[in-house]
Structures are given as structure tokens and as C-alpha cells.
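Colleague: Structure file start07.pdb (PDB, C-alpha atoms) right here:
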```pdb
ATOM      1  CA  MET V  10     129.754 214.497 -11.814  1.00  0.00           C
ATOM      2  CA  ALA V  11     130.772 212.860 -15.006  1.00  0.00           C
ATOM      3  CA  ARG V  12     128.046 211.296 -17.131  1.00  0.00           C
ATOM      4  CA  SER V  13     128.063 207.499 -17.374  1.00  0.00           C
ATOM      5  CA  ASP V  14     128.933 206.199 -20.884  1.00  0.00           C
ATOM      6  CA  PRO V  15     126.500 203.394 -21.795  1.00  0.00           C
ATOM      7  CA  PHE V  16     128.881 201.942 -24.384  1.00  0.00           C
ATOM      8  CA  LYS V  17     131.637 201.620 -21.776  1.00  0.00           C
ATOM      9  CA  SER V  18     129.211 199.842 -19.463  1.00  0.00           C
ATOM     10  CA  ILE V  19     128.243 197.395 -22.202  1.00  0.00           C
ATOM     11  CA  LEU V  20     131.881 196.687 -23.053  1.00  0.00           C
ATOM     12  CA  LEU V  21     132.774 196.211 -19.404  1.00  0.00           C
ATOM     13  CA  GLY V  22     129.876 193.826 -18.908  1.00  0.00           C
ATOM     14  CA  ALA V  23     130.869 191.807 -21.951  1.00  0.00           C
ATOM     15  CA  LEU V  24     134.466 191.593 -20.729  1.00  0.00           C
ATOM     16  CA  VAL V  25     133.379 190.379 -17.289  1.00  0.00           C
ATOM     17  CA  ALA V  26     131.070 187.787 -18.862  1.00  0.00           C
ATOM     18  CA  ALA V  27     133.862 186.545 -21.153  1.00  0.00           C
ATOM     19  CA  LEU V  28     136.241 186.190 -18.230  1.00  0.00           C
ATOM     20  CA  LEU V  29     133.647 184.259 -16.240  1.00  0.00           C
ATOM     21  CA  VAL V  30     132.880 181.913 -19.126  1.00  0.00           C
ATOM     22  CA  GLY V  31     136.590 181.442 -19.838  1.00  0.00           C
ATOM     23  CA  GLY V  32     137.238 180.647 -16.201  1.00  0.00           C
ATOM     24  CA  ILE V  33     134.448 178.080 -16.117  1.00  0.00           C
ATOM     25  CA  VAL V  34     135.719 176.418 -19.309  1.00  0.00           C
ATOM     26  CA  TRP V  35     139.275 176.352 -17.909  1.00  0.00           C
ATOM     27  CA  LEU V  36     138.088 174.764 -14.657  1.00  0.00           C
ATOM     28  CA  MET V  37     136.057 172.152 -16.544  1.00  0.00           C
ATOM     29  CA  SER V  38     139.077 171.380 -18.728  1.00  0.00           C
ATOM     30  CA  LEU V  39     141.315 171.105 -15.668  1.00  0.00           C
ATOM     31  CA  GLU V  40     138.847 168.747 -13.999  1.00  0.00           C
ATOM     32  CA  ARG V  41     138.645 166.618 -17.155  1.00  0.00           C
ATOM     33  CA  VAL V  42     142.447 166.353 -17.419  1.00  0.00           C
ATOM     34  CA  SER V  43     142.632 165.494 -13.731  1.00  0.00           C
ATOM     35  CA  ARG V  44     140.136 162.674 -14.205  1.00  0.00           C
ATOM     36  CA  GLN V  45     142.029 161.372 -17.221  1.00  0.00           C
ATOM     37  CA  THR V  46     145.373 161.327 -15.441  1.00  0.00           C
ATOM     38  CA  GLN V  47     144.058 159.580 -12.344  1.00  0.00           C
ATOM     39  CA  GLN V  48     145.097 155.955 -12.735  1.00  0.00           C
ATOM     40  CA  ASP V  49     142.574 153.227 -12.217  1.00  0.00           C
ATOM     41  CA  PRO V  50     143.760 151.638  -8.968  1.00  0.00           C
ATOM     42  CA  THR V  51     142.794 148.205 -10.282  1.00  0.00           C
ATOM     43  CA  ALA V  52     144.796 148.568 -13.502  1.00  0.00           C
ATOM     44  CA  PRO V  53     148.238 146.929 -13.650  1.00  0.00           C
ATOM     45  CA  ILE V  54     151.148 149.351 -13.694  1.00  0.00           C
ATOM     46  CA  ALA V  55     153.842 146.963 -14.845  1.00  0.00           C
ATOM     47  CA  ALA V  56     154.693 143.291 -14.850  1.00  0.00           C
ATOM     48  CA  SER V  57     156.222 141.723 -11.785  1.00  0.00           C
ATOM     49  CA  LEU V  58     158.926 139.115 -12.141  1.00  0.00           C
ATOM     50  CA  ALA V  59     157.530 135.594 -12.166  1.00  0.00           C
ATOM     51  CA  PRO V  60     159.455 132.757 -10.540  1.00  0.00           C
ATOM     52  CA  GLY V  61     162.353 132.177 -12.899  1.00  0.00           C
ATOM     53  CA  PRO V  62     162.915 129.127 -15.074  1.00  0.00           C
ATOM     54  CA  VAL V  63     165.107 126.309 -13.829  1.00  0.00           C
ATOM     55  CA  ILE V  64     168.191 125.524 -15.910  1.00  0.00           C
ATOM     56  CA  GLU V  65     168.385 121.952 -17.184  1.00  0.00           C
ATOM     57  CA  ALA V  66     171.995 121.661 -16.015  1.00  0.00           C
ATOM     58  CA  PRO V  67     174.260 124.409 -14.663  1.00  0.00           C
ATOM     59  CA  ASP V  68     176.682 124.175 -17.573  1.00  0.00           C
ATOM     60  CA  ALA V  69     174.252 123.218 -20.322  1.00  0.00           C
ATOM     61  CA  ALA V  70     174.066 125.418 -23.390  1.00  0.00           C
ATOM     62  CA  ALA V  71     176.032 128.344 -22.007  1.00  0.00           C
ATOM     63  CA  PRO V  72     176.033 131.446 -24.251  1.00  0.00           C
ATOM     64  CA  SER V  73     179.257 130.309 -25.917  1.00  0.00           C
ATOM     65  CA  SER V  74     177.691 126.956 -26.790  1.00  0.00           C
ATOM     66  CA  PRO V  75     176.146 126.386 -30.230  1.00  0.00           C
ATOM     67  CA  ALA V  76     172.982 124.995 -28.624  1.00  0.00           C
ATOM     68  CA  GLY V  77     169.803 127.024 -28.759  1.00  0.00           C
ATOM     69  CA  ILE V  78     168.151 128.847 -25.887  1.00  0.00           C
ATOM     70  CA  ALA V  79     165.217 126.448 -25.416  1.00  0.00           C
ATOM     71  CA  ILE V  80     167.411 123.496 -24.484  1.00  0.00           C
ATOM     72  CA  ARG V  81     168.555 125.251 -21.319  1.00  0.00           C
ATOM     73  CA  VAL V  82     165.109 125.121 -19.734  1.00  0.00           C
ATOM     74  CA  ASP V  83     164.430 122.269 -17.297  1.00  0.00           C
ATOM     75  CA  GLN V  84     161.733 119.957 -18.638  1.00  0.00           C
ATOM     76  CA  GLY V  85     160.069 119.500 -15.274  1.00  0.00           C
ATOM     77  CA  TRP V  86     159.720 123.269 -14.824  1.00  0.00           C
ATOM     78  CA  LEU V  87     158.524 123.632 -18.394  1.00  0.00           C
ATOM     79  CA  THR V  88     155.817 120.979 -18.045  1.00  0.00           C
ATOM     80  CA  ALA V  89     154.524 122.346 -14.745  1.00  0.00           C
ATOM     81  CA  VAL V  90     154.422 125.988 -15.853  1.00  0.00           C
ATOM     82  CA  ALA V  91     152.895 125.212 -19.251  1.00  0.00           C
ATOM     83  CA  GLN V  92     150.134 123.290 -17.496  1.00  0.00           C
ATOM     84  CA  ALA V  93     149.545 126.067 -14.951  1.00  0.00           C
ATOM     85  CA  THR V  94     149.461 128.912 -17.488  1.00  0.00           C
ATOM     86  CA  GLY V  95     148.120 127.301 -20.647  1.00  0.00           C
ATOM     87  CA  ILE V  96     151.097 128.616 -22.639  1.00  0.00           C
ATOM     88  CA  PRO V  97     152.167 126.087 -25.295  1.00  0.00           C
ATOM     89  CA  ALA V  98     155.319 124.376 -24.046  1.00  0.00           C
ATOM     90  CA  ARG V  99     157.311 125.142 -27.188  1.00  0.00           C
ATOM     91  CA  ALA V 100     156.575 128.862 -26.900  1.00  0.00           C
ATOM     92  CA  LEU V 101     157.221 128.845 -23.138  1.00  0.00           C
ATOM     93  CA  ALA V 102     160.617 127.208 -23.703  1.00  0.00           C
ATOM     94  CA  ALA V 103     161.554 130.115 -25.975  1.00  0.00           C
ATOM     95  CA  TYR V 104     160.402 132.781 -23.495  1.00  0.00           C
ATOM     96  CA  ALA V 105     162.174 131.107 -20.579  1.00  0.00           C
ATOM     97  CA  GLY V 106     165.282 130.395 -22.632  1.00  0.00           C
ATOM     98  CA  ALA V 107     165.441 134.058 -23.653  1.00  0.00           C
ATOM     99  CA  GLN V 108     165.286 135.085 -19.986  1.00  0.00           C
ATOM    100  CA  LEU V 109     168.158 132.749 -19.171  1.00  0.00           C
ATOM    101  CA  ARG V 110     170.229 134.043 -22.085  1.00  0.00           C
ATOM    102  CA  LEU V 111     169.673 137.681 -21.100  1.00  0.00           C
ATOM    103  CA  ALA V 112     170.565 136.870 -17.498  1.00  0.00           C
ATOM    104  CA  ASP V 113     174.014 136.056 -18.912  1.00  0.00           C
ATOM    105  CA  GLU V 114     174.210 138.799 -21.545  1.00  0.00           C
ATOM    106  CA  ALA V 115     172.611 141.684 -19.642  1.00  0.00           C
ATOM    107  CA  PRO V 116     172.032 140.706 -15.996  1.00  0.00           C
ATOM    108  CA  SER V 117     171.091 144.257 -15.036  1.00  0.00           C
ATOM    109  CA  CYS V 118     168.056 144.100 -17.362  1.00  0.00           C
ATOM    110  CA  ARG V 119     166.133 141.555 -15.268  1.00  0.00           C
ATOM    111  CA  ILE V 120     163.590 140.697 -17.913  1.00  0.00           C
ATOM    112  CA  GLY V 121     161.140 137.931 -17.028  1.00  0.00           C
ATOM    113  CA  TRP V 122     159.782 135.147 -19.187  1.00  0.00           C
ATOM    114  CA  ASN V 123     156.285 136.304 -18.259  1.00  0.00           C
ATOM    115  CA  THR V 124     156.883 139.696 -19.903  1.00  0.00           C
ATOM    116  CA  LEU V 125     157.829 137.960 -23.141  1.00  0.00           C
ATOM    117  CA  ALA V 126     154.846 135.655 -22.739  1.00  0.00           C
ATOM    118  CA  GLY V 127     152.591 138.677 -22.265  1.00  0.00           C
ATOM    119  CA  ILE V 128     153.809 140.113 -25.556  1.00  0.00           C
ATOM    120  CA  GLY V 129     153.512 136.753 -27.295  1.00  0.00           C
ATOM    121  CA  ARG V 130     149.960 136.353 -26.098  1.00  0.00           C
ATOM    122  CA  ILE V 131     148.836 139.809 -27.225  1.00  0.00           C
ATOM    123  CA  GLU V 132     150.715 139.759 -30.537  1.00  0.00           C
ATOM    124  CA  SER V 133     149.860 136.293 -31.808  1.00  0.00           C
ATOM    125  CA  GLY V 134     148.272 134.087 -29.156  1.00  0.00           C
ATOM    126  CA  HIS V 135     151.685 132.425 -28.755  1.00  0.00           C
ATOM    127  CA  GLY V 136     151.928 131.669 -32.448  1.00  0.00           C
ATOM    128  CA  SER V 137     148.343 130.468 -32.864  1.00  0.00           C
ATOM    129  CA  HIS V 138     146.763 133.459 -34.641  1.00  0.00           C
ATOM    130  CA  GLY V 139     144.782 132.586 -37.730  1.00  0.00           C
ATOM    131  CA  GLY V 140     145.057 128.857 -37.076  1.00  0.00           C
ATOM    132  CA  ALA V 141     148.859 128.831 -37.027  1.00  0.00           C
ATOM    133  CA  SER V 142     150.867 126.569 -34.736  1.00  0.00           C
ATOM    134  CA  ILE V 143     154.468 126.084 -33.632  1.00  0.00           C
ATOM    135  CA  ASP V 144     156.157 122.883 -34.720  1.00  0.00           C
ATOM    136  CA  ALA V 145     158.800 120.975 -32.785  1.00  0.00           C
ATOM    137  CA  GLU V 146     161.537 123.056 -34.421  1.00  0.00           C
ATOM    138  CA  GLY V 147     159.892 126.258 -33.231  1.00  0.00           C
ATOM    139  CA  VAL V 148     158.710 127.421 -36.651  1.00  0.00           C
ATOM    140  CA  VAL V 149     155.274 129.030 -36.854  1.00  0.00           C
ATOM    141  CA  ALA V 150     153.180 127.882 -39.805  1.00  0.00           C
ATOM    142  CA  PRO V 151     151.423 129.222 -41.672  1.00  0.00           C
ATOM    143  CA  PRO V 152     153.378 132.470 -41.240  1.00  0.00           C
ATOM    144  CA  ILE V 153     151.638 135.136 -39.173  1.00  0.00           C
ATOM    145  CA  LEU V 154     151.515 138.439 -41.031  1.00  0.00           C
ATOM    146  CA  GLY V 155     150.092 141.737 -39.828  1.00  0.00           C
ATOM    147  CA  ILE V 156     148.091 144.180 -41.899  1.00  0.00           C
ATOM    148  CA  GLN V 157     149.648 146.272 -44.637  1.00  0.00           C
ATOM    149  CA  LEU V 158     151.156 149.338 -42.962  1.00  0.00           C
ATOM    150  CA  ASP V 159     149.718 151.632 -45.606  1.00  0.00           C
ATOM    151  CA  GLY V 160     148.299 154.312 -43.322  1.00  0.00           C
ATOM    152  CA  SER V 161     144.656 153.272 -43.654  1.00  0.00           C
ATOM    153  CA  SER V 162     144.573 152.015 -40.061  1.00  0.00           C
ATOM    154  CA  SER V 163     148.222 152.217 -39.104  1.00  0.00           C
ATOM    155  CA  ALA V 164     151.390 154.196 -39.534  1.00  0.00           C
ATOM    156  CA  VAL V 165     152.702 154.490 -43.089  1.00  0.00           C
ATOM    157  CA  ILE V 166     155.709 152.188 -43.497  1.00  0.00           C
ATOM    158  CA  ASN V 167     156.832 151.518 -47.032  1.00  0.00           C
ATOM    159  CA  ASP V 168     158.417 148.213 -47.947  1.00  0.00           C
ATOM    160  CA  SER V 169     161.902 147.868 -46.460  1.00  0.00           C
ATOM    161  CA  ASP V 170     162.854 144.297 -47.363  1.00  0.00           C
ATOM    162  CA  ASN V 171     161.513 143.831 -50.906  1.00  0.00           C
ATOM    163  CA  GLY V 172     158.974 141.435 -49.423  1.00  0.00           C
ATOM    164  CA  ALA V 173     161.600 138.977 -48.205  1.00  0.00           C
ATOM    165  CA  LEU V 174     160.063 138.515 -44.744  1.00  0.00           C
ATOM    166  CA  ASP V 175     156.446 139.533 -45.225  1.00  0.00           C
ATOM    167  CA  GLY V 176     155.797 138.690 -48.881  1.00  0.00           C
ATOM    168  CA  ASP V 177     154.783 142.282 -49.606  1.00  0.00           C
ATOM    169  CA  ALA V 178     157.018 144.380 -51.862  1.00  0.00           C
ATOM    170  CA  GLU V 179     154.847 147.499 -51.528  1.00  0.00           C
ATOM    171  CA  TRP V 180     154.206 147.907 -47.796  1.00  0.00           C
ATOM    172  CA  ASP V 181     155.798 146.481 -44.678  1.00  0.00           C
ATOM    173  CA  ARG V 182     153.849 144.118 -42.436  1.00  0.00           C
ATOM    174  CA  ALA V 183     154.643 142.904 -38.940  1.00  0.00           C
ATOM    175  CA  VAL V 184     155.797 139.292 -39.070  1.00  0.00           C
ATOM    176  CA  GLY V 185     156.051 136.241 -36.863  1.00  0.00           C
ATOM    177  CA  PRO V 186     154.839 135.304 -33.375  1.00  0.00           C
ATOM    178  CA  MET V 187     156.331 138.452 -31.822  1.00  0.00           C
ATOM    179  CA  GLN V 188     155.254 140.669 -34.754  1.00  0.00           C
ATOM    180  CA  PHE V 189     158.449 142.396 -35.807  1.00  0.00           C
ATOM    181  CA  ILE V 190     158.409 144.984 -38.576  1.00  0.00           C
ATOM    182  CA  PRO V 191     161.011 143.945 -41.186  1.00  0.00           C
ATOM    183  CA  ASP V 192     163.140 147.058 -40.656  1.00  0.00           C
ATOM    184  CA  THR V 193     163.227 146.443 -36.904  1.00  0.00           C
ATOM    185  CA  TRP V 194     164.092 142.805 -37.491  1.00  0.00           C
ATOM    186  CA  SER V 195     166.998 143.840 -39.710  1.00  0.00           C
ATOM    187  CA  ARG V 196     168.519 145.568 -36.648  1.00  0.00           C
ATOM    188  CA  TRP V 197     167.458 143.219 -33.847  1.00  0.00           C
ATOM    189  CA  GLY V 198     167.059 139.831 -35.496  1.00  0.00           C
ATOM    190  CA  ALA V 199     168.539 137.022 -33.393  1.00  0.00           C
ATOM    191  CA  ASP V 200     169.503 133.379 -33.835  1.00  0.00           C
ATOM    192  CA  GLY V 201     167.902 131.860 -30.766  1.00  0.00           C
ATOM    193  CA  ASN V 202     167.963 128.268 -31.965  1.00  0.00           C
ATOM    194  CA  ALA V 203     171.576 128.441 -33.170  1.00  0.00           C
ATOM    195  CA  ASP V 204     170.885 127.219 -36.706  1.00  0.00           C
ATOM    196  CA  GLY V 205     172.832 130.040 -38.336  1.00  0.00           C
ATOM    197  CA  VAL V 206     169.686 131.854 -39.523  1.00  0.00           C
ATOM    198  CA  THR V 207     167.751 134.801 -38.040  1.00  0.00           C
ATOM    199  CA  ASN V 208     164.121 133.981 -38.719  1.00  0.00           C
ATOM    200  CA  PRO V 209     161.266 136.071 -37.237  1.00  0.00           C
ATOM    201  CA  HIS V 210     158.890 133.162 -37.862  1.00  0.00           C
ATOM    202  CA  GLN V 211     160.924 130.906 -35.525  1.00  0.00           C
ATOM    203  CA  ILE V 212     159.897 131.320 -31.883  1.00  0.00           C
ATOM    204  CA  ASP V 213     163.391 131.082 -30.311  1.00  0.00           C
ATOM    205  CA  ASP V 214     164.776 133.685 -32.693  1.00  0.00           C
ATOM    206  CA  ALA V 215     161.772 135.961 -32.174  1.00  0.00           C
ATOM    207  CA  ALA V 216     161.747 135.660 -28.363  1.00  0.00           C
ATOM    208  CA  LEU V 217     165.479 136.342 -28.062  1.00  0.00           C
ATOM    209  CA  ALA V 218     165.227 139.346 -30.393  1.00  0.00           C
ATOM    210  CA  ALA V 219     162.311 140.727 -28.374  1.00  0.00           C
ATOM    211  CA  ALA V 220     164.218 140.268 -25.114  1.00  0.00           C
ATOM    212  CA  ARG V 221     167.276 142.094 -26.438  1.00  0.00           C
ATOM    213  CA  TYR V 222     165.118 144.870 -27.873  1.00  0.00           C
ATOM    214  CA  LEU V 223     163.375 145.409 -24.537  1.00  0.00           C
ATOM    215  CA  CYS V 224     166.588 145.186 -22.527  1.00  0.00           C
ATOM    216  CA  ALA V 225     168.025 148.068 -24.536  1.00  0.00           C
ATOM    217  CA  SER V 226     165.760 150.214 -22.334  1.00  0.00           C
ATOM    218  CA  GLY V 227     167.739 149.222 -19.224  1.00  0.00           C
ATOM    219  CA  ASP V 228     166.616 147.715 -15.914  1.00  0.00           C
ATOM    220  CA  LEU V 229     163.058 146.444 -16.390  1.00  0.00           C
ATOM    221  CA  SER V 230     162.430 145.698 -12.711  1.00  0.00           C
ATOM    222  CA  GLY V 231     161.043 149.219 -12.188  1.00  0.00           C
ATOM    223  CA  ALA V 232     157.545 150.123 -13.367  1.00  0.00           C
ATOM    224  CA  GLU V 233     158.496 153.291 -15.258  1.00  0.00           C
ATOM    225  CA  ARG V 234     161.319 151.692 -17.253  1.00  0.00           C
ATOM    226  CA  TRP V 235     159.262 148.561 -17.900  1.00  0.00           C
ATOM    227  CA  ARG V 236     156.344 150.537 -19.277  1.00  0.00           C
ATOM    228  CA  ALA V 237     158.665 152.640 -21.426  1.00  0.00           C
ATOM    229  CA  ALA V 238     160.224 149.498 -22.897  1.00  0.00           C
ATOM    230  CA  ILE V 239     156.859 147.932 -23.744  1.00  0.00           C
ATOM    231  CA  PHE V 240     155.618 151.233 -25.173  1.00  0.00           C
ATOM    232  CA  SER V 241     158.654 151.307 -27.471  1.00  0.00           C
ATOM    233  CA  TYR V 242     157.580 147.883 -28.737  1.00  0.00           C
ATOM    234  CA  ASN V 243     154.099 149.149 -29.597  1.00  0.00           C
ATOM    235  CA  HIS V 244     153.220 152.816 -29.162  1.00  0.00           C
ATOM    236  CA  SER V 245     149.958 152.358 -27.288  1.00  0.00           C
ATOM    237  CA  GLU V 246     149.298 152.818 -23.586  1.00  0.00           C
ATOM    238  CA  GLN V 247     146.456 150.310 -23.846  1.00  0.00           C
ATOM    239  CA  TYR V 248     148.885 147.799 -25.329  1.00  0.00           C
ATOM    240  CA  VAL V 249     151.262 148.333 -22.400  1.00  0.00           C
ATOM    241  CA  THR V 250     148.441 147.734 -19.935  1.00  0.00           C
ATOM    242  CA  ASP V 251     147.274 144.628 -21.816  1.00  0.00           C
ATOM    243  CA  VAL V 252     150.786 143.145 -21.757  1.00  0.00           C
ATOM    244  CA  ALA V 253     151.134 143.956 -18.050  1.00  0.00           C
ATOM    245  CA  ASP V 254     147.783 142.328 -17.358  1.00  0.00           C
ATOM    246  CA  ALA V 255     148.753 139.148 -19.209  1.00  0.00           C
ATOM    247  CA  ALA V 256     152.244 138.993 -17.714  1.00  0.00           C
ATOM    248  CA  ASN V 257     150.958 139.458 -14.173  1.00  0.00           C
ATOM    249  CA  ALA V 258     148.300 136.822 -14.709  1.00  0.00           C
ATOM    250  CA  TYR V 259     150.997 134.343 -15.712  1.00  0.00           C
ATOM    251  CA  ALA V 260     153.104 135.278 -12.699  1.00  0.00           C
ATOM    252  CA  GLY V 261     150.121 134.744 -10.414  1.00  0.00           C
ATOM    253  CA  GLN V 262     149.445 131.304 -11.866  1.00  0.00           C
ATOM    254  CA  VAL V 263     152.882 130.015 -10.926  1.00  0.00           C
ATOM    255  CA  GLY V 264     153.615 132.164  -7.861  1.00  0.00           C
TER     256      GLY V 264
END
```
Could you take the file, read its structure, and then write that structure out as C-alpha cells?
Modeller:
Amino acid sequence: MARSDPFKSILLGALVAALLVGGIVWLMSLERVSRQTQQDPTAPIAASLAPGPVIEAPDAAAPSSPAGIAIRVDQGWLTAVAQATGIPARALAAYAGAQLRLADEAPSCRIGWNTLAGIGRIESGHGSHGGASIDAEGVVAPPILGIQLDGSSSAVINDSDNGALDGDAEWDRAVGPMQFIPDTWSRWGADGNADGVTNPHQIDDAALAAARYLCASGDLSGAERWRAAIFSYNHSEQYVTDVADAANAYAGQVG
């Protein structure tokens, strides 16, 4: 009979113990990941479409017309929905007008005014952040500027517009009621009020630009595509959920 080697026994015992510990750690990790990926059943997945805005007149301010997007929204609808939701009427007119414009430009997108309102609420309190307000012409004053994107609590984004939009020639800042980064605005800026200027501090321009940016993701009536579009606007899952929560709340208030 061969003699037992005590060193082999020790090594074998250590190997078995390591495998057991590794297996336990793996199972704990798997359980933790499983818990993290289980969605809270009460959390919103995406925004549903709210009842759509009523057009002031069927032929009023068609896309080929020089009139702005806000003028297309029926005043009776605007008054009733602003009262029900608490959204300032001037901001609501921009969100609803942007939906109407995109229904003509990109009907397969199916973006709702409540999605834009959800973004507007989270980004700037519908143009009220820091004591700002929207005047009758749709301009937000004083201008709403985000933090310097210098990497201290954000991504690093060096100045891209020589401070033209954000007043900062060193770092970019998000600007306006829908908080566009200057470089993004340079590609997506829109003239929603048809004054010949693309101004991120003007609510019609900002809402129309946001709608077109989101609609580049495709049909927003499905949860997966909707969430992807909102995530592209701000790379945070919590942000997506917050926008969905706000947008669904608005839809429920007028449904």
C-alpha cells in the first residue's frame, strides 16, 4: 500500500476550500445581479401618449407657413390642459406645437407633448429654474445655464462655441429650458417660432429641436425605443425614469 503524502492532502484540501469559497462568492454575485436587474414593478417603463393637442384650425400654420409652432395649438385645449397639469401655458404651447409639427414631418415617430413636457420639467422646471420665466415671445430670462462641464462633476466638454450661447469660452455649459449643450445645438438647433433665428433660450426653438433630436431614434411609441431616445438625451437611467414618471403624470392628469 502506498504511503499517504501529507503535503498532497494539504494541497487537495486547500483546492477544495478555494473552489467552495469561489462558488459561494459566484452565487452571491449572481444573486446580487439578479436583484439589480429585477425591475421595480411600480416604476414607469416609458411614457404613454397623452391625448393629443387640438389644432387651432385645420389649415393654420402648416409646416410650409412662416408662422411658429405655438400658434397651431387650440387655445381652449391649451387653457384646459395648462390648468389640469400646472404647466405654464407658454411652455405647453411649445411642447404641443412641436408634437403637431413632428406629426407632419415624421409621423412614424409618434412623439407626445407630454414627453417633451417631462424633459422640460426635469431640465428646467419649464423655464423657471433659478427664478427665470418665459415671456410672451417664448424667451427665457434670465438665461438658464448648466454647470461648467469641466469634469469635476460631469463629463469633460471643452468650449465649442467660444461662449456664444453659454457665455463661457473655456468650458461648455448646457443652455436654455431644454438644456442643450452648444455642440448639440449647432447640429439640432431649430427655429420653432419662425423668426429666422435658432435660439436655445427660446422655448419654441428648444422644444422643436428636442422633438427632432428624439425622433431621430425612430418610433417612440414602444418602451424600448422611447427609453433609448431619452437616454441619448441624458445618459442616466434615473433620468429616463424621472422623465417617464413626469410624462405619465401629465398624461394621467388629462386622460
Colleague: As a check of understanding, name the residues that the PyMOL selection byres ((chain V and resi 126) around 9) selects in the supplied structure, as a list in words.
Modeller: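 Residues picked by the PyMOL selection byres ((chain V and resi 126) around 9): Ile96, Ala100, Leu101, Tyr104, Ala105, Gly121, Trp122, Asn123, Thr124, Leu125, Gly127, Ile128, Gly129, Arg130, Ile131, His135, Ala216, Val252, Ala255, Ala256 and Tyr259 of chain V.
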Colleague: For the selection you just gave me, I'd like the residues written to a file as a PDB file, keeping the file's coordinate frame, keeping C-alpha atoms.
Modeller:
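And here is the file that came out, again.pdb:
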```pdb
ATOM      1  CA  ILE V  96     151.097 128.616 -22.639  1.00  0.00           C
ATOM      2  CA  ALA V 100     156.575 128.862 -26.900  1.00  0.00           C
ATOM      3  CA  LEU V 101     157.221 128.845 -23.138  1.00  0.00           C
ATOM      4  CA  TYR V 104     160.402 132.781 -23.495  1.00  0.00           C
ATOM      5  CA  ALA V 105     162.174 131.107 -20.579  1.00  0.00           C
ATOM      6  CA  GLY V 121     161.140 137.931 -17.028  1.00  0.00           C
ATOM      7  CA  TRP V 122     159.782 135.147 -19.187  1.00  0.00           C
ATOM      8  CA  ASN V 123     156.285 136.304 -18.259  1.00  0.00           C
ATOM      9  CA  THR V 124     156.883 139.696 -19.903  1.00  0.00           C
ATOM     10  CA  LEU V 125     157.829 137.960 -23.141  1.00  0.00           C
ATOM     11  CA  GLY V 127     152.591 138.677 -22.265  1.00  0.00           C
ATOM     12  CA  ILE V 128     153.809 140.113 -25.556  1.00  0.00           C
ATOM     13  CA  GLY V 129     153.512 136.753 -27.295  1.00  0.00           C
ATOM     14  CA  ARG V 130     149.960 136.353 -26.098  1.00  0.00           C
ATOM     15  CA  ILE V 131     148.836 139.809 -27.225  1.00  0.00           C
ATOM     16  CA  HIS V 135     151.685 132.425 -28.755  1.00  0.00           C
ATOM     17  CA  ALA V 216     161.747 135.660 -28.363  1.00  0.00           C
ATOM     18  CA  VAL V 252     150.786 143.145 -21.757  1.00  0.00           C
ATOM     19  CA  ALA V 255     148.753 139.148 -19.209  1.00  0.00           C
ATOM     20  CA  ALA V 256     152.244 138.993 -17.714  1.00  0.00           C
ATOM     21  CA  TYR V 259     150.997 134.343 -15.712  1.00  0.00           C
TER      22      TYR V 259
END
```
Colleague: Decode the PyMOL selection byres ((chain V and resi 172) around 12) for the given file into explicit residues and return them as a ChimeraX atom specification.
Modeller: /V:154,157,167-171,173-184,190-192
Colleague: By how many Å are CA of Pro97 in chain V and CA of Gly147 in chain V apart?
Modeller: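 Pair CA of Pro97 in chain V / CA of Gly147 in chain V returns 11.1 Å.
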Colleague: In Å to one decimal, how far is CA of Trp86 in chain V from CA of Ala55 in chain V?
Modeller: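 So the two atoms, CA of Ala55 in chain V and CA of Trp86 in chain V, lie 24.4 Å apart.
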Colleague: Which residues are near Ala150 in chain V? Cut-off 10 Å, only C-alpha atoms, ignore same chain within fewer than 2 positions. Put them as number ranges by chain.
Modeller: V: 136-144, 147-148, 152-153, 185-186, 210-211
Colleague: Quick one: residues within 10 Å of range 199-203 of chain V, only C-alpha atoms counted, chain neighbours fewer than 2 positions away excluded, as number ranges by chain?
Modeller: V: 74-80, 103, 106-107, 110, 146-147, 194-197, 205-209, 211-221
Colleague: Give me the residues near Ala115 in chain V as a list of chain:residue names, where near means some atom within 12 Å (using all atoms listed in the file) and where sequence neighbours in that chain fewer than 2 positions away do not count.
Modeller: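 In the requested form, the answer reads V:Pro72, V:Ala107, V:Gln108, V:Leu109, V:Arg110, V:Leu111, V:Ala112, V:Asp113, V:Ser117, V:Cys118, V:Arg119, V:Ile120, V:Ala220, V:Arg221, V:Tyr222, V:Leu223, V:Cys224, V:Ala225, V:Ser226, V:Gly227, V:Asp228, V:Leu229.
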Colleague: V:Ala237, V:Gly231, V:Ser245, V:Pro116: which is nearest Leu58 in chain V, counting only C-alpha atoms?
Modeller: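 Of V:Ala237, V:Gly231, V:Ser245, V:Pro116, the one nearest Leu58 in chain V is V:Gly231, counting only C-alpha atoms.
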Colleague: Box for range 104-111 of chain V - axis-aligned, 8 Å on each of the six sides, all listed atoms - centre and size in Å to one decimal, as JSON.
Modeller:
```
{"center_x": 165.3, "center_y": 134.0, "center_z": -21.4, "size_x": 25.8, "size_y": 23.3, "size_z": 20.5}
```
